[in-house]
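Colleague: Coordinates in model-v3.cif, mmCIF, C-alpha atoms, are listed below.
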```
data_query
#
loop_
_atom_site.group_PDB
_atom_site.id
_atom_site.type_symbol
_atom_site.label_atom_id
_atom_site.label_comp_id
_atom_site.auth_asym_id
_atom_site.auth_seq_id
_atom_site.Cartn_x
_atom_site.Cartn_y
_atom_site.Cartn_z
ATOM 1 C CA MET A 28 19.705 19.508 10.287
ATOM 2 C CA SER A 29 19.341 18.172 13.822
ATOM 3 C CA ASP A 30 22.170 17.328 16.179
ATOM 4 C CA SER A 31 21.203 13.693 15.875
ATOM 5 C CA GLN A 32 22.403 13.521 12.267
ATOM 6 C CA THR A 33 24.930 10.813 11.577
ATOM 7 C CA TYR A 34 27.931 11.473 9.356
ATOM 8 C CA ALA A 35 29.571 9.022 6.969
ATOM 9 C CA LEU A 36 33.024 10.271 7.898
ATOM 10 C CA ALA A 37 32.393 10.606 11.658
ATOM 11 C CA SER A 38 34.922 7.880 12.440
ATOM 12 C CA ILE A 39 37.741 10.008 11.040
ATOM 13 C CA PHE A 40 36.670 13.426 12.351
ATOM 14 C CA GLY A 41 39.367 15.180 14.351
ATOM 15 C CA PRO A 42 42.770 16.791 13.896
ATOM 16 C CA GLY A 43 45.337 15.989 11.244
ATOM 17 C CA ARG A 44 43.594 13.525 8.914
ATOM 18 C CA ASP A 45 45.642 14.085 5.766
ATOM 19 C CA GLU A 46 44.282 10.876 4.268
ATOM 20 C CA MET A 47 41.135 12.892 3.504
ATOM 21 C CA ILE A 48 43.071 14.602 0.684
ATOM 22 C CA GLY A 49 45.700 11.908 0.169
ATOM 23 C CA TYR A 50 44.025 10.732 -3.034
ATOM 24 C CA VAL A 51 44.041 14.230 -4.621
ATOM 25 C CA PRO A 52 47.194 14.604 -6.757
ATOM 26 C CA HIS A 53 47.040 18.401 -6.923
ATOM 27 C CA ALA A 54 46.578 18.763 -3.164
ATOM 28 C CA ALA A 55 49.690 16.611 -2.724
ATOM 29 C CA ALA A 56 51.578 18.688 -5.304
ATOM 30 C CA LEU A 57 50.806 21.806 -3.246
ATOM 31 C CA GLY A 58 51.698 20.124 0.062
ATOM 32 C CA MET A 59 48.222 20.786 1.478
ATOM 33 C CA LYS A 60 47.416 19.511 4.981
ATOM 34 C CA VAL A 61 44.143 18.714 6.732
ATOM 35 C CA ILE A 62 44.365 20.495 10.076
ATOM 36 C CA GLU A 63 40.987 19.501 11.473
ATOM 37 C CA THR A 64 37.609 18.154 10.431
ATOM 38 C CA GLY A 65 34.324 17.737 12.247
ATOM 39 C CA PRO A 66 30.584 17.791 11.628
ATOM 40 C CA ARG A 67 30.052 19.979 8.536
ATOM 41 C CA PHE A 68 33.425 21.721 8.669
ATOM 42 C CA ALA A 69 37.051 21.369 7.608
ATOM 43 C CA VAL A 70 40.228 23.390 8.193
ATOM 44 C CA LEU A 71 43.003 22.995 5.616
ATOM 45 C CA MET A 72 46.487 24.512 5.367
ATOM 46 C CA LEU A 73 48.614 25.445 2.372
ATOM 47 C CA PRO A 74 52.289 25.971 3.201
ATOM 48 C CA TYR A 75 53.874 29.155 1.835
ATOM 49 C CA GLN A 76 56.003 28.343 -1.220
ATOM 50 C CA GLU A 77 57.963 30.705 -3.473
ATOM 51 C CA HIS A 78 56.705 28.993 -6.634
ATOM 52 C CA LEU A 79 53.098 29.854 -5.741
ATOM 53 C CA VAL A 80 53.785 33.595 -5.749
ATOM 54 C CA GLY A 81 51.657 35.686 -8.115
ATOM 55 C CA ASP A 82 53.115 39.131 -7.478
ATOM 56 C CA PRO A 83 56.912 38.899 -7.448
ATOM 57 C CA LEU A 84 57.273 42.439 -6.069
ATOM 58 C CA ARG A 85 55.086 41.876 -3.041
ATOM 59 C CA LYS A 86 55.857 38.131 -2.716
ATOM 60 C CA VAL A 87 52.137 37.483 -2.349
ATOM 61 C CA ILE A 88 50.670 34.052 -3.160
ATOM 62 C CA PHE A 89 48.635 34.164 -6.391
ATOM 63 C CA GLY A 90 44.924 34.683 -5.673
ATOM 64 C CA GLY A 91 43.952 31.642 -7.694
ATOM 65 C CA VAL A 92 45.996 29.380 -5.420
ATOM 66 C CA ILE A 93 43.766 30.551 -2.587
ATOM 67 C CA THR A 94 40.833 29.402 -4.737
ATOM 68 C CA THR A 95 42.414 25.945 -4.845
ATOM 69 C CA LEU A 96 42.837 25.828 -1.051
ATOM 70 C CA ILE A 97 39.256 27.040 -0.626
ATOM 71 C CA ASP A 98 37.816 24.596 -3.180
ATOM 72 C CA GLN A 99 39.568 21.704 -1.468
ATOM 73 C CA ALA A 100 38.425 22.806 1.997
ATOM 74 C CA CYS A 101 34.859 23.107 0.663
ATOM 75 C CA GLY A 102 34.963 19.590 -0.762
ATOM 76 C CA ILE A 103 36.063 18.140 2.576
ATOM 77 C CA ALA A 104 33.482 20.194 4.507
ATOM 78 C CA VAL A 105 30.739 18.906 2.186
ATOM 79 C CA ALA A 106 31.982 15.334 2.628
ATOM 80 C CA CYS A 107 31.895 15.898 6.391
ATOM 81 C CA SER A 108 28.234 16.942 6.172
ATOM 82 C CA LEU A 109 26.936 13.831 4.401
ATOM 83 C CA GLU A 110 25.121 10.916 5.981
ATOM 84 C CA THR A 111 26.190 8.613 3.181
ATOM 85 C CA MET A 112 29.070 9.352 0.849
ATOM 86 C CA ARG A 113 28.189 10.663 -2.590
ATOM 87 C CA ALA A 114 30.113 12.203 -5.454
ATOM 88 C CA ILE A 115 30.816 15.912 -4.880
ATOM 89 C CA ALA A 116 31.343 18.383 -7.740
ATOM 90 C CA THR A 117 31.949 22.141 -7.555
ATOM 91 C CA VAL A 118 29.150 24.155 -9.176
ATOM 92 C CA ASP A 119 30.461 27.624 -8.376
ATOM 93 C CA LEU A 120 32.779 29.573 -6.136
ATOM 94 C CA ARG A 121 32.921 33.291 -5.490
ATOM 95 C CA VAL A 122 36.028 34.427 -3.650
ATOM 96 C CA ASP A 123 36.353 37.905 -2.113
ATOM 97 C CA TYR A 124 39.939 39.026 -1.650
ATOM 98 C CA LEU A 125 39.623 41.123 1.502
ATOM 99 C CA ARG A 126 43.314 42.010 1.559
ATOM 100 C CA ALA A 127 46.598 40.568 0.336
ATOM 101 C CA ALA A 128 47.738 37.421 2.115
ATOM 102 C CA LYS A 129 50.864 38.114 4.160
ATOM 103 C CA PRO A 130 54.090 37.011 2.434
ATOM 104 C CA GLY A 131 55.924 34.104 4.020
ATOM 105 C CA CYS A 132 52.893 32.850 5.963
ATOM 106 C CA ASP A 133 51.189 29.480 5.695
ATOM 107 C CA LEU A 134 47.564 29.924 4.604
ATOM 108 C CA TYR A 135 44.540 28.349 6.274
ATOM 109 C CA ALA A 136 40.968 27.931 5.075
ATOM 110 C CA ARG A 137 38.027 27.009 7.286
ATOM 111 C CA ALA A 138 35.002 25.817 5.321
ATOM 112 C CA GLU A 139 31.565 25.240 6.791
ATOM 113 C CA CYS A 140 28.835 23.404 4.917
ATOM 114 C CA TYR A 141 25.866 25.264 6.367
ATOM 115 C CA ARG A 142 23.132 23.656 4.296
ATOM 116 C CA THR A 143 22.643 20.524 2.249
ATOM 117 C CA THR A 144 19.623 19.592 0.173
ATOM 118 C CA ARG A 145 19.111 16.354 -1.744
ATOM 119 C CA SER A 146 21.288 17.552 -4.644
ATOM 120 C CA VAL A 147 23.079 20.710 -3.542
ATOM 121 C CA ALA A 148 25.439 21.717 -0.728
ATOM 122 C CA PHE A 149 26.101 25.345 0.282
ATOM 123 C CA VAL A 150 29.423 26.283 1.850
ATOM 124 C CA ARG A 151 30.999 29.397 3.322
ATOM 125 C CA VAL A 152 34.710 29.784 3.825
ATOM 126 C CA VAL A 153 37.193 32.146 5.433
ATOM 127 C CA ALA A 154 40.908 32.075 4.682
ATOM 128 C CA TYR A 155 43.476 33.470 7.133
ATOM 129 C CA GLU A 156 47.119 33.289 8.212
ATOM 130 C CA HIS A 157 46.823 33.258 12.006
ATOM 131 C CA GLU A 158 43.337 34.077 13.271
ATOM 132 C CA VAL A 159 40.047 32.948 11.792
ATOM 133 C CA GLY A 160 38.708 36.376 12.846
ATOM 134 C CA ASP A 161 41.256 38.218 10.686
ATOM 135 C CA PRO A 162 40.677 36.707 7.233
ATOM 136 C CA PHE A 163 42.330 37.792 3.977
ATOM 137 C CA ALA A 164 39.678 36.077 1.855
ATOM 138 C CA SER A 165 36.118 34.819 2.151
ATOM 139 C CA CYS A 166 34.114 32.656 -0.185
ATOM 140 C CA LEU A 167 30.678 31.242 -0.905
ATOM 141 C CA GLY A 168 30.536 27.978 -2.794
ATOM 142 C CA THR A 169 27.864 25.680 -4.207
ATOM 143 C CA PHE A 170 28.376 21.959 -4.758
ATOM 144 C CA MET A 171 26.401 19.290 -6.593
ATOM 145 C CA LEU A 172 25.873 15.982 -4.815
ATOM 146 C CA GLY A 173 25.814 12.736 -6.775
ATOM 147 C CA ALA A 174 26.819 14.626 -9.917
ATOM 148 C CA HIS A 175 28.514 11.693 -11.567
ATOM 149 C CA ALA A 176 28.251 7.936 -11.469
ATOM 150 C CA PHE A 177 31.813 7.160 -10.474
ATOM 151 C CA GLY A 178 31.277 7.327 -6.738
ATOM 152 C CA SER A 179 33.408 9.257 -4.357
ATOM 153 C CA ALA A 180 37.120 8.829 -3.968
ATOM 154 C CA PHE A 181 36.411 9.017 -0.238
ATOM 155 C CA ASP A 182 35.426 5.373 -0.192
ATOM 156 C CA ARG A 183 39.147 4.692 -0.285
ATOM 157 C CA VAL A 184 39.352 6.520 3.003
ATOM 158 C CA VAL A 185 36.356 5.194 4.824
ATOM 159 C CA GLU A 186 34.107 2.250 4.136
ATOM 160 C CA ALA A 187 30.779 3.864 3.485
ATOM 161 C CA PRO A 188 27.997 3.152 1.036
ATOM 162 C CA VAL A 189 28.503 5.115 -2.137
ATOM 163 C CA GLN A 190 25.451 6.540 -3.815
ATOM 164 C CA GLY A 191 26.425 7.452 -7.356
ATOM 165 C CA GLU A 192 23.828 9.041 -9.588
ATOM 166 C CA LYS A 193 23.792 10.071 -13.175
ATOM 167 C CA SER A 194 23.377 13.820 -13.590
ATOM 168 C CA MET B 15 53.282 39.330 -22.476
ATOM 169 C CA SER B 16 55.563 36.303 -22.226
ATOM 170 C CA ARG B 17 57.911 38.414 -20.071
ATOM 171 C CA VAL B 18 55.079 39.152 -17.667
ATOM 172 C CA LEU B 19 54.172 35.471 -17.603
ATOM 173 C CA ALA B 20 57.777 34.523 -16.872
ATOM 174 C CA ALA B 21 57.803 36.952 -13.927
ATOM 175 C CA ILE B 22 54.890 35.170 -12.219
ATOM 176 C CA PRO B 23 56.256 32.084 -10.429
ATOM 177 C CA TYR B 24 52.840 30.432 -10.106
ATOM 178 C CA ALA B 25 52.288 30.630 -13.877
ATOM 179 C CA GLY B 26 55.508 28.662 -14.310
ATOM 180 C CA PHE B 27 54.407 26.139 -11.691
ATOM 181 C CA LEU B 28 51.185 25.501 -13.628
ATOM 182 C CA GLY B 29 53.092 25.498 -16.935
ATOM 183 C CA VAL B 30 50.883 28.144 -18.565
ATOM 184 C CA THR B 31 51.914 29.508 -21.973
ATOM 185 C CA ILE B 32 50.443 32.094 -24.351
ATOM 186 C CA ASP B 33 49.202 31.677 -27.916
ATOM 187 C CA ARG B 34 48.884 34.941 -29.827
ATOM 188 C CA THR B 35 45.786 35.163 -32.014
ATOM 189 C CA GLU B 36 44.522 37.732 -34.531
ATOM 190 C CA ASP B 37 42.337 39.372 -31.901
ATOM 191 C CA GLY B 38 44.531 39.035 -28.823
ATOM 192 C CA PHE B 39 45.704 35.868 -27.138
ATOM 193 C CA VAL B 40 44.608 32.671 -25.457
ATOM 194 C CA CYS B 41 46.317 31.187 -22.424
ATOM 195 C CA VAL B 42 47.223 27.514 -22.622
ATOM 196 C CA LEU B 43 47.350 25.106 -19.677
ATOM 197 C CA PRO B 44 48.988 21.828 -20.750
ATOM 198 C CA PHE B 45 47.772 18.800 -18.840
ATOM 199 C CA LYS B 46 50.036 17.157 -16.302
ATOM 200 C CA PRO B 47 49.090 14.479 -13.765
ATOM 201 C CA ASP B 48 49.689 16.636 -10.696
ATOM 202 C CA LEU B 49 46.908 19.028 -11.765
ATOM 203 C CA VAL B 50 44.301 16.330 -11.126
ATOM 204 C CA GLY B 51 41.716 16.895 -8.400
ATOM 205 C CA ASN B 52 39.576 13.806 -8.905
ATOM 206 C CA PRO B 53 41.627 10.777 -10.004
ATOM 207 C CA ARG B 54 38.507 8.678 -10.551
ATOM 208 C CA LEU B 55 37.145 10.661 -13.483
ATOM 209 C CA PRO B 56 39.947 11.892 -13.920
ATOM 210 C CA ALA B 57 39.379 15.632 -13.757
ATOM 211 C CA ILE B 58 41.574 18.689 -13.327
ATOM 212 C CA HIS B 59 41.274 20.257 -9.858
ATOM 213 C CA GLY B 60 38.593 22.953 -9.730
ATOM 214 C CA GLY B 61 40.997 25.273 -7.958
ATOM 215 C CA VAL B 62 43.516 24.971 -10.796
ATOM 216 C CA LEU B 63 40.821 25.946 -13.297
ATOM 217 C CA GLY B 64 39.777 28.920 -11.165
ATOM 218 C CA ALA B 65 43.395 30.004 -10.840
ATOM 219 C CA PHE B 66 43.932 29.570 -14.594
ATOM 220 C CA LEU B 67 40.945 31.821 -15.303
ATOM 221 C CA GLU B 68 42.183 34.428 -12.860
ATOM 222 C CA LEU B 69 45.669 34.325 -14.368
ATOM 223 C CA THR B 70 44.227 34.752 -17.871
ATOM 224 C CA ALA B 71 42.120 37.713 -16.719
ATOM 225 C CA THR B 72 45.144 39.313 -15.042
ATOM 226 C CA LEU B 73 47.318 38.934 -18.156
ATOM 227 C CA ARG B 74 44.566 40.323 -20.363
ATOM 228 C CA LEU B 75 44.315 43.432 -18.181
ATOM 229 C CA ILE B 76 48.076 43.944 -18.215
ATOM 230 C CA ASP B 77 48.080 43.514 -21.992
ATOM 231 C CA GLU B 78 45.307 46.083 -22.379
ATOM 232 C CA SER B 79 46.527 48.700 -19.948
ATOM 233 C CA GLY B 80 50.261 48.263 -20.409
ATOM 234 C CA VAL B 81 50.860 48.843 -16.709
ATOM 235 C CA ALA B 82 53.772 47.080 -15.107
ATOM 236 C CA ARG B 83 52.080 46.623 -11.736
ATOM 237 C CA LEU B 84 49.678 43.749 -11.426
ATOM 238 C CA PRO B 85 46.004 44.654 -10.987
ATOM 239 C CA LYS B 86 44.705 43.575 -7.573
ATOM 240 C CA PRO B 87 41.778 41.140 -7.592
ATOM 241 C CA ILE B 88 38.749 42.302 -5.578
ATOM 242 C CA ASN B 89 36.775 39.165 -6.162
ATOM 243 C CA PHE B 90 36.509 36.312 -8.599
ATOM 244 C CA ALA B 91 33.476 34.167 -9.343
ATOM 245 C CA VAL B 92 33.805 30.847 -11.143
ATOM 246 C CA ASP B 93 31.083 28.668 -12.686
ATOM 247 C CA TYR B 94 32.010 25.038 -13.277
ATOM 248 C CA LEU B 95 30.158 23.917 -16.390
ATOM 249 C CA ARG B 96 31.524 20.433 -17.072
ATOM 250 C CA SER B 97 34.393 18.382 -15.735
ATOM 251 C CA ALA B 98 37.777 19.086 -17.328
ATOM 252 C CA GLY B 99 39.499 15.889 -18.404
ATOM 253 C CA PRO B 100 43.199 15.085 -18.825
ATOM 254 C CA ALA B 101 43.729 17.358 -21.830
ATOM 255 C CA THR B 102 45.058 20.799 -22.717
ATOM 256 C CA THR B 103 42.817 23.625 -21.470
ATOM 257 C CA ARG B 104 42.655 27.044 -23.164
ATOM 258 C CA ALA B 105 41.216 30.289 -21.856
ATOM 259 C CA ARG B 106 40.319 33.630 -23.345
ATOM 260 C CA ALA B 107 39.545 36.796 -21.390
ATOM 261 C CA ASN B 108 37.381 39.698 -22.453
ATOM 262 C CA ILE B 109 37.474 43.042 -20.688
ATOM 263 C CA PHE B 110 33.801 43.754 -20.123
ATOM 264 C CA LYS B 111 34.359 47.156 -18.522
ATOM 265 C CA LEU B 112 37.577 49.091 -18.060
ATOM 266 C CA GLY B 113 36.829 51.867 -15.625
ATOM 267 C CA ARG B 114 39.109 54.386 -14.005
ATOM 268 C CA ARG B 115 39.382 52.379 -10.802
ATOM 269 C CA ILE B 116 37.801 48.997 -11.440
ATOM 270 C CA ALA B 117 37.915 46.595 -14.349
ATOM 271 C CA VAL B 118 35.433 43.768 -14.936
ATOM 272 C CA VAL B 119 36.860 40.846 -16.885
ATOM 273 C CA HIS B 120 34.970 37.840 -18.262
ATOM 274 C CA VAL B 121 36.936 34.642 -18.883
ATOM 275 C CA VAL B 122 36.015 31.329 -20.418
ATOM 276 C CA ALA B 123 38.045 28.110 -20.698
ATOM 277 C CA TRP B 124 37.528 25.086 -22.918
ATOM 278 C CA GLN B 125 39.221 21.855 -23.952
ATOM 279 C CA GLU B 126 37.713 20.342 -27.120
ATOM 280 C CA SER B 127 36.267 23.500 -28.599
ATOM 281 C CA PRO B 128 35.300 27.010 -27.467
ATOM 282 C CA GLU B 129 31.654 26.015 -28.015
ATOM 283 C CA LYS B 130 31.966 23.538 -25.133
ATOM 284 C CA PRO B 131 33.314 25.619 -22.236
ATOM 285 C CA VAL B 132 34.418 23.724 -19.117
ATOM 286 C CA VAL B 133 34.531 26.722 -16.814
ATOM 287 C CA SER B 134 33.736 30.438 -16.950
ATOM 288 C CA GLY B 135 34.417 33.289 -14.588
ATOM 289 C CA VAL B 136 34.066 36.972 -13.843
ATOM 290 C CA GLY B 137 36.754 38.911 -12.035
ATOM 291 C CA LYS B 138 36.741 42.432 -10.673
ATOM 292 C CA PHE B 139 40.119 44.095 -10.300
ATOM 293 C CA LEU B 140 41.344 47.263 -8.676
ATOM 294 C CA LEU B 141 43.529 49.008 -11.200
ATOM 295 C CA SER B 142 47.023 50.046 -10.241
ATOM 296 C CA GLY B 143 47.118 53.337 -8.348
ATOM 297 C CA ALA B 144 43.353 53.422 -7.876
ATOM 298 C CA ASP B 145 43.632 52.875 -4.125
ATOM 299 C CA LYS B 146 45.953 55.828 -3.608
#
```
Could you write out this file's structure as structure tokens?

Modeller:
Amino acid sequence: MSDSQTYALASIFGPGRDEMIGYVPHAAALGMKVIETGPRFAVLMLPYQEHLVGDPLRKVIFGGVITTLIDQACGIAVACSLETMRAIATVDLRVDYLRAAKPGCDLYARAECYRTTRSVAFVRVVAYEHEVGDPFASCLGTFMLGAHAFGSAFDRVVEAPVQGEKS
Amino acid sequence: MSRVLAAIPYAGFLGVTIDRTEDGFVCVLPFKPDLVGNPRLPAIHGGVLGAFLELTATLRLIDESGVARLPKPINFAVDYLRSAGPATTRARANIFKLGRRIAVVHVVAWQESPEKPVVSGVGKFLLSGADK
């Protein structure tokens, strides 16, 4: 990918664009926020909430919730890597839990879409409380582009040509 | 097992319940609108499905080992096989290897029938006390 690549969502790159996940009911239910987006990357935040705890003794957020934050961050990072908007579907995710997330802390995930082909996007993610260099989880994810014919919900966010394809 | 489930706040948030079967149990995730990730299809959020698999694997390990402390996940890999529509999702976990320190658990979830899985996963867990 050259620096001259154009991005469908370039007009809304920058800090605090929650409309990028505003159409996702589960992201809203979790109170997720879009901290920043840019070419091929996205940073999302999940506020600490007692009802997301998985280990009541340690007050640690359930690991699977981190998967949700990561999956959502991946989806936005993939969207931010596309020249024209297309449907995005998760193919696989593999999350490494490097340590327990600290209780009481908001959780962040920074996803980078480091490669896209015609049909597949590859993403790496780190999740952290304070510093991107001190992550509690990391992840590799694979996404299918144009996996279904219904277009992308992103065209509610930005007017861009939608290229739906049948799988 | 229901007591363990009740002690996990996130399980209550998702609304997960347990169905006992002859050979163990399946976990049940009833559909509700705020689980949706893609409203166009509509489809349940991929993260919810991953979390549901991980929860099922965790409960299966607790059921098998009888330990009170939760096993710690080392990593979890999820394959998304087809989109999960607005319907009840069920998951069954199978302990592939129960070692002294690490357990490997395979999980599969389906909606219409077990022959048409929507998502599958493999989790590796550090067993309680193994890191001492």

Colleague: Could you state which residues are captured by the PyMOL selection byres ((chain A and resi 41-46) around 8) in this file, as a list in words?

Modeller: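 For this structure, the PyMOL selection byres ((chain A and resi 41-46) around 8) resolves to Ile39, Phe40, Met47, Ile48, Gly49, Tyr50, Lys60, Val61, Ile62, Glu63, Thr64, Gly65 and Val184 of chain A.
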
Colleague: What gap, in Å, lies between CA of Val70 (chain A) and CA of Ala164 (chain A)?

Modeller: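 Here the two named atoms are 14.2 Å from each other.
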
Colleague: Report as a list in words the residues that result from applying the PyMOL selection byres ((chain B and resi 97) around 9) to the structure here.

Modeller: Ala116 of chain A; Leu55, Pro56, Ala57, Ile58, Gly60, Tyr94, Leu95, Arg96, Ala98, Gly99, Val132 and Val133 of chain B

Colleague: I'd like to see the residues matched by the PyMOL selection byres ((chain A and resi 166) around 9) on this file, and ideally I'd get them as number ranges by chain.

Modeller: A: 94, 97, 120-124, 138, 150-154, 164-165, 167-168

Colleague: Emit the selected residues as a PDB file, in the coordinates of the input, including C-alpha atoms.

Modeller:
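Final file, result.pdb:
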```
ATOM      1  CA  THR A  94      40.833  29.402  -4.737  1.00  0.00           C
ATOM      2  CA  ILE A  97      39.256  27.040  -0.626  1.00  0.00           C
ATOM      3  CA  LEU A 120      32.779  29.573  -6.136  1.00  0.00           C
ATOM      4  CA  ARG A 121      32.921  33.291  -5.490  1.00  0.00           C
ATOM      5  CA  VAL A 122      36.028  34.427  -3.650  1.00  0.00           C
ATOM      6  CA  ASP A 123      36.353  37.905  -2.113  1.00  0.00           C
ATOM      7  CA  TYR A 124      39.939  39.026  -1.650  1.00  0.00           C
ATOM      8  CA  ALA A 138      35.002  25.817   5.321  1.00  0.00           C
ATOM      9  CA  VAL A 150      29.423  26.283   1.850  1.00  0.00           C
ATOM     10  CA  ARG A 151      30.999  29.397   3.322  1.00  0.00           C
ATOM     11  CA  VAL A 152      34.710  29.784   3.825  1.00  0.00           C
ATOM     12  CA  VAL A 153      37.193  32.146   5.433  1.00  0.00           C
ATOM     13  CA  ALA A 154      40.908  32.075   4.682  1.00  0.00           C
ATOM     14  CA  ALA A 164      39.678  36.077   1.855  1.00  0.00           C
ATOM     15  CA  SER A 165      36.118  34.819   2.151  1.00  0.00           C
ATOM     16  CA  LEU A 167      30.678  31.242  -0.905  1.00  0.00           C
ATOM     17  CA  GLY A 168      30.536  27.978  -2.794  1.00  0.00           C
TER      18      GLY A 168
END
```

Colleague: May I have the residues within 7 Å of His78 (chain A) as an NGL selection string, using all atoms listed in the file and disregarding those fewer than 5 positions away in the same chain?

Modeller: :B and (23-24 or 27)

Colleague: Could you write those residues out with C-alpha atoms, as a compact mmCIF listing (two decimals), keeping the file's coordinate frame?

Modeller:
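And here's result-v3.txt as it stands now:
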```txt
# COMPACT_ATOMS: atom_id res chain seq x y z
CA PRO B 23 56.26 32.08 -10.43
CA TYR B 24 52.84 30.43 -10.11
CA PHE B 27 54.41 26.14 -11.69
```

Colleague: Using only C-alpha atoms, which of the listed residues (B:Gly51, B:Ala101, B:Asp33, B:Gly26) sits closest to Ala56 (chain A)?

Modeller: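 The closest residue to Ala56 (chain A) is B:Gly51.
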
Colleague: Pull out every residue of chain A that has at least one atom within 9 Å of chain B, counting all atoms listed in the file, and report them as a VMD selection string.

Modeller: chain A and resid 50 to 56 77 to 84 88 to 99 116 to 127 175 177 to 180

Colleague: In Å, with one decimal, what is the gap from CA of Trp124 (chain B) to CA of Arg104 (chain B)?

Modeller: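 Computing the Euclidean distance for CA of Trp124 (chain B) and CA of Arg104 (chain B) yields 5.5 Å.
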
Colleague: Quick check, in Å to one decimal: how far apart do CA of Cys140 (chain A) and CA of Val122 (chain B) lie?

Modeller: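 Interatomic distance here is 27.5 Å.
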
Colleague: Measuring between all atoms listed in the file, which one of B:Thr102, B:Ser16, B:Thr72, B:Ser79 shows the shortest distance to Val42 (chain B)?

Modeller: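 Smallest separation from Val42 (chain B) among the options: B:Thr102.
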
Colleague: Measuring atom to atom with only C-alpha atoms, identify which of B:Val30, B:Val119, B:Met15, B:Leu112 is nearest to Gly80 (chain B).

Modeller: B:Met15

Colleague: Mind working out the centre and edge lengths of an axis-aligned box for region 41-54 of chain B, all listed atoms inside, 5 Å added to each side, rounded to one decimal in Å and written as lines of an AutoDock Vina configuration file?

Modeller:
```
center_x = 44.3
center_y = 19.9
center_z = -15.5
size_x = 21.5
size_y = 32.5
size_z = 24.2
```

Colleague: Between B:His120, B:Leu75, B:Arg106, B:Thr70, single out the one closest to Leu140 (chain B), counting only C-alpha atoms.

Modeller: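 Closest to Leu140 (chain B) of all the choices is B:Leu75.
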